[in-house]
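**Student:** Provided herewith is a single structure, encoded as structure tokens, for subsequent inquiry.
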Protein chains: 2
Amino acid sequence: MEYIASRENPKIKYACKLAASAALRAEADAFFAEGPRLCAELAKSCRARAVYMTADAMARWPALAGAEVAAQISEPAAQKLAGVQAHQGVFAIFDTPTPAPARFATAKRLLALEKVQDPGNVGTLLRSAAAFGFDMVVLGPGCADPFAPKTLRASVGAAGRIPLWPVADLPAALTTLRGRGVTCLAAALYNSKPLSALQGGQPGGLCLVVGNEGQGLTDETVAACDLAVRIPMTDQVESLNAGVAGSVLLWHFRGID
Amino acid sequence: MEYIASRENPKIKYACKLAASAALRAEADAFFAEGPRLCAELAKSCRARAVYMTADAMARWPALAGAEVAAQISEPAAQKLAGVQAHQGVFAIFDTPTPAPARFATAKRLLALEKVQDPGNVGTLLRSAAAFGFDMVVLGPGCADPFAPKTLRASVGAAGRIPLWPVADLPAALTTLRGRGVTCLAAALYNSKPLSALQGGQPGGLCLVVGNEGQGLTDETVAACDLAVRIPMTDQVESLNAGVAGSVLLWHFRGID
């Protein structure tokens, strides 16, 4: 097995760049992940290109260390990969999953995000979508990168499980979905129906559309939907946490019982 | 109006201590908050003991600046209050709200937390509880302080709105609640009924009990409840974010339509 001692090793430097740069992730069709739990989750659904572990970590998580592409790294190299934070000595590079185009044409329960900027919120929503039986996430412009380290952490690997469909024009994508009978529901605080007024009954499929933390959805995107819905609330708060609001909607329209 | 120039002013130093020390907050029955939105929200339900604002902030948020207890502070004093982060020049000290004991005896829709350690999760759950018509939160041992700065930020002021009942012995508190007809439901992944099997029908009231992010509830607390419930999930994820899971349960048992 390869042993990497130096912080300046080109493989270590490349992994750090993958963690930091969305452009490099897109170019390489690969992403970087850290931590035994996250890497083990991702390994179930994504092909690992490289696994970097300290000797201590290899003894502790032998299944991960058993990967063909595993290499042992020194403590200084691990600290370089981890950046400033404490680490558990487990790092990996995975192929970015690319769903077959046929899936876009058949998905029946979709979540679409527009300008959801906080990586924690995007990760939380991917995790909830996978948990509640959604089969695809449409990523409109302006969303946090699902394969950035903070997003991956919040999604706990769900980004590797649920097919992602990045689109440049969200209203156009929604129009396509409606063309094949999918009901598109915009989450909106105003000019919307309370959630309790809706229940199932979308035989052609359903796409839930969630917008920016502060501004919500653009008018153009709301106009491209069939209907706008809101979560009823008391007057004790002005709004919900964005990850919570989206997750309550995902739960309401869940594909499991 | 008083003007405070020095970072070393005793009032500024006291406010910093309130932000940092749960013990001092308990002793003083007061807490520190930062930011125009949060302070304005808290001012609706809590008495302000002091409001500290920069000249710029006073011009921008005149309603807050109009408080009788408002004082103007210098930029260095504001930076001291804000710690390392960027700030908007608005800080305040509020009385910690103390609910009348009679409320403990009459609350009908309660959330109880046990060892929920992350301030973001406690804040999110307070916010969701207030949004979904819960009328009291029971805080068992080991929870993040609801009046710590991070928790306040996540709750966006809900800690000032919803009555809080800190208890040293959570199973005993649940037994008291059951004694007056409140149904206590433990959130638990195992040995539990799926949420969809339960719907309303707790005429004597309901207390939802949520545990630690990693370990869940203690056996003793589960045993003190009437029933354990879980959120059904696909096998695509191992768990949900704790703030999300609690919020989905709060939504399911909401007191609004």
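Residues in the structure tokens are named by chain (A, B, ... in the order shown) and by number from 1 within that chain; ligands are numbered from 1 in the order shown.
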If we count only C-alpha atoms, what is near segment 23-37 of chain B at a cut-off of 9 Å, once residues fewer than 4 positions away on the same chain are taken out, given as a ChimeraX atom specification?
**Tutor:** /B:15-19,41-42,49,57,61,64,81-82,87-98,147-149,152-153,156-157
**Student:** For N, CA, C and O atoms, I'd like the residues from the last selection saved as a CSV table (one decimal), in the first residue's frame.
**Tutor:**
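File written: again09.csv
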```csv
chain,number,residue,atom,x,y,z
B,15,ALA,N,-22.0,42.9,30.0
B,15,ALA,CA,-22.7,42.3,28.9
B,15,ALA,C,-22.0,41.1,28.2
B,15,ALA,O,-22.6,40.1,27.9
B,16,CYS,N,-20.7,41.3,28.1
B,16,CYS,CA,-19.8,40.2,27.5
B,16,CYS,C,-19.9,39.0,28.4
B,16,CYS,O,-20.0,37.8,27.9
B,17,LYS,N,-19.8,39.2,29.7
B,17,LYS,CA,-19.9,38.1,30.6
B,17,LYS,C,-21.2,37.4,30.5
B,17,LYS,O,-21.3,36.1,30.6
B,18,LEU,N,-22.3,38.1,30.4
B,18,LEU,CA,-23.6,37.5,30.3
B,18,LEU,C,-23.7,36.6,29.0
B,18,LEU,O,-24.3,35.6,29.1
B,19,ALA,N,-23.1,37.1,27.9
B,19,ALA,CA,-23.1,36.3,26.7
B,19,ALA,C,-22.3,35.0,26.9
B,19,ALA,O,-22.7,34.0,26.3
B,41,GLU,N,-37.4,41.2,17.9
B,41,GLU,CA,-38.3,40.1,18.2
B,41,GLU,C,-38.4,39.9,19.7
B,41,GLU,O,-39.5,39.8,20.3
B,42,LEU,N,-37.3,39.9,20.4
B,42,LEU,CA,-37.2,39.7,21.8
B,42,LEU,C,-37.9,40.8,22.6
B,42,LEU,O,-38.6,40.5,23.6
B,49,ARG,N,-33.4,45.4,29.7
B,49,ARG,CA,-32.7,46.2,30.8
B,49,ARG,C,-31.8,47.2,30.3
B,49,ARG,O,-31.5,48.2,30.9
B,57,ALA,N,-26.3,52.5,13.8
B,57,ALA,CA,-27.4,51.6,14.1
B,57,ALA,C,-28.6,52.3,14.6
B,57,ALA,O,-29.8,52.0,14.2
B,61,TRP,N,-32.2,51.9,12.9
B,61,TRP,CA,-33.3,51.2,13.6
B,61,TRP,C,-33.8,52.1,14.8
B,61,TRP,O,-33.6,51.8,15.9
B,64,LEU,N,-35.8,50.7,18.0
B,64,LEU,CA,-34.9,50.1,19.0
B,64,LEU,C,-34.2,51.2,19.8
B,64,LEU,O,-34.1,51.2,21.0
B,81,LEU,N,-18.4,43.9,22.2
B,81,LEU,CA,-19.6,43.1,22.4
B,81,LEU,C,-19.9,42.0,21.4
B,81,LEU,O,-20.4,40.9,21.7
B,82,ALA,N,-19.5,42.3,20.1
B,82,ALA,CA,-19.7,41.3,19.1
B,82,ALA,C,-18.7,40.2,19.1
B,82,ALA,O,-18.9,39.2,18.4
B,87,HIS,N,-20.7,42.8,12.9
B,87,HIS,CA,-21.9,43.1,13.7
B,87,HIS,C,-22.7,44.2,13.1
B,87,HIS,O,-22.2,44.9,12.1
B,88,GLN,N,-23.9,44.4,13.5
B,88,GLN,CA,-24.8,45.4,13.0
B,88,GLN,C,-25.0,46.6,14.0
B,88,GLN,O,-25.9,47.4,13.8
B,89,GLY,N,-24.2,46.5,15.1
B,89,GLY,CA,-24.3,47.6,16.0
B,89,GLY,C,-25.5,47.6,17.0
B,89,GLY,O,-25.8,48.7,17.6
B,90,VAL,N,-26.2,46.5,17.1
B,90,VAL,CA,-27.3,46.4,18.0
B,90,VAL,C,-27.1,45.3,19.0
B,90,VAL,O,-26.9,44.1,18.6
B,91,PHE,N,-27.2,45.6,20.3
B,91,PHE,CA,-27.0,44.7,21.4
B,91,PHE,C,-28.0,45.0,22.5
B,91,PHE,O,-28.4,46.2,22.7
B,92,ALA,N,-28.4,44.0,23.2
B,92,ALA,CA,-29.4,44.3,24.3
B,92,ALA,C,-29.3,43.3,25.5
B,92,ALA,O,-28.8,42.2,25.2
B,93,ILE,N,-29.6,43.7,26.6
B,93,ILE,CA,-29.8,42.8,27.8
B,93,ILE,C,-31.3,42.8,28.1
B,93,ILE,O,-31.9,43.8,28.3
B,94,PHE,N,-31.8,41.5,28.2
B,94,PHE,CA,-33.2,41.4,28.6
B,94,PHE,C,-33.4,40.6,29.9
B,94,PHE,O,-32.5,39.8,30.2
B,95,ASP,N,-34.5,40.8,30.5
B,95,ASP,CA,-34.9,40.0,31.7
B,95,ASP,C,-35.2,38.6,31.1
B,95,ASP,O,-35.9,38.5,30.1
B,96,THR,N,-34.8,37.6,31.8
B,96,THR,CA,-35.2,36.2,31.4
B,96,THR,C,-36.6,36.0,31.8
B,96,THR,O,-37.0,36.3,32.9
B,97,PRO,N,-37.5,35.6,30.8
B,97,PRO,CA,-38.9,35.5,31.1
B,97,PRO,C,-39.1,34.3,32.1
B,97,PRO,O,-38.5,33.3,31.9
B,98,THR,N,-39.9,34.5,33.1
B,98,THR,CA,-40.3,33.4,34.0
B,98,THR,C,-41.8,33.2,34.0
B,98,THR,O,-42.5,34.0,34.4
B,147,PHE,N,-30.9,30.5,26.3
B,147,PHE,CA,-30.5,31.9,26.3
B,147,PHE,C,-29.1,32.2,26.0
B,147,PHE,O,-28.6,33.3,26.1
B,148,ALA,N,-28.4,31.2,25.5
B,148,ALA,CA,-27.0,31.3,25.0
B,148,ALA,C,-27.1,32.0,23.7
B,148,ALA,O,-28.1,31.8,22.9
B,149,PRO,N,-26.1,32.8,23.3
B,149,PRO,CA,-26.2,33.5,22.0
B,149,PRO,C,-26.5,32.6,20.8
B,149,PRO,O,-27.3,33.0,20.0
B,152,LEU,N,-30.2,31.5,20.9
B,152,LEU,CA,-31.1,32.6,20.6
B,152,LEU,C,-31.1,32.9,19.1
B,152,LEU,O,-32.2,33.2,18.6
B,153,ARG,N,-29.9,32.9,18.5
B,153,ARG,CA,-29.9,33.1,17.1
B,153,ARG,C,-30.7,32.1,16.3
B,153,ARG,O,-31.5,32.5,15.4
B,156,VAL,N,-34.5,32.6,16.8
B,156,VAL,CA,-34.9,33.9,16.3
B,156,VAL,C,-36.0,34.5,17.3
B,156,VAL,O,-37.0,35.0,16.9
B,157,GLY,N,-35.7,34.4,18.6
B,157,GLY,CA,-36.5,35.1,19.6
B,157,GLY,C,-37.6,34.2,20.2
B,157,GLY,O,-38.3,34.6,21.1
```
**Student:** Would you kindly report the residues of chain A within 6 Å of chain B, using only C-alpha atoms, as a list in words?
**Tutor:** Ala130, Ala131, Phe132, Met233, Thr234, Gln236, Val237, Val244 and Val248 of chain A
**Student:** Excluding same-chain residues fewer than 3 positions from Ser192 of chain A, what lies within 10 Å of it counting only C-alpha atoms, as a list in words?
**Tutor:**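 So, after excluding close chain neighbours, the residues are Leu185, Ala186, Ala187, Ala188, Leu189, Leu195, Leu227, Ala228, Val229, Arg230 and Ile231 of chain A.
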**Student:** Output as number ranges by chain all residues of segment 5-176 of chain B that backbone DSSP marks as helix (DSSP H, G or I).
**Tutor:** B: 10-20, 22-28, 36-43, 55-60, 62-65, 75-82, 101-106, 119-131, 149-155, 158-161, 170-176
**Student:** So how many Å separate atom CA of Asp219 of chain A and atom CA of Gln117 of chain A, to one decimal?
**Tutor:**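 Atom-to-atom, atom CA of Asp219 of chain A and atom CA of Gln117 of chain A are spaced 18.0 Å apart.
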**Student:** If I take atom CA of Tyr190 of chain B and atom CA of Asn121 of chain B, how far is one from the other in Å, to one decimal?
**Tutor:** 21.5 Å
**Student:** Measuring between only C-alpha atoms, which one of A:Asp118, A:Cys225, A:Ile73, A:Ala112 shows the shortest distance to Glu8 of chain A?
**Tutor:** A:Ile73
**Student:** Counting only C-alpha atoms, what is within 7 Å of Pro119 of chain A, bar same-chain residues fewer than 4 positions away, as a list in words?
**Tutor:**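 The neighbour list is Gly123, Ala144, Lys150 and Thr151 of chain A.
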**Student:** Where does DSSP see strand (DSSP E or B) in segment 26-121 of chain B, if you list the residues as JSON, numbers by chain?
**Tutor:** {"B": [30, 31, 32, 33, 34, 48, 49, 50, 51, 52, 53, 70, 71, 72, 73, 90, 91, 92, 93, 94, 95, 109, 110, 111, 112, 113]}
**Student:** Any idea what the distance is between atom CA of Gly140 of chain A and atom CA of Asp169 of chain A?
**Tutor:**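 Taking atom CA of Gly140 of chain A and atom CA of Asp169 of chain A, their separation equals 6.8 Å.
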**Student:** For Ala102 of chain B, please output as a list in words all residues within 12 Å (counting only C-alpha atoms; exclusion window: fewer than 5 positions along the same chain).
**Tutor:**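 That gives Ala107, Met136, Pro163 and Trp165 of chain B.
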**Student:** Quick one: everything within 8 Å of Gly181 of chain A, counting only C-alpha atoms, minus sequence neighbours fewer than 2 positions away in the same chain. Send it as a ChimeraX atom specification.
**Tutor:** /A:177-179,183,204-205
**Student:** Using only C-alpha atoms, which residue out of A:Val51, A:Ala159, A:Ala172, A:Lys44 lies closest to Asp145 of chain A?
**Tutor:**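 Closest residue, counting only C-alpha atoms: A:Ala159.
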**Student:** If we count only C-alpha atoms, what is near Tyr3 of chain B at a cut-off of 9 Å, once residues fewer than 4 positions away on the same chain are taken out, given as a list in words?
**Tutor:**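 The filter keeps Ala71, Gln72, Ile73 and Ser74 of chain B.
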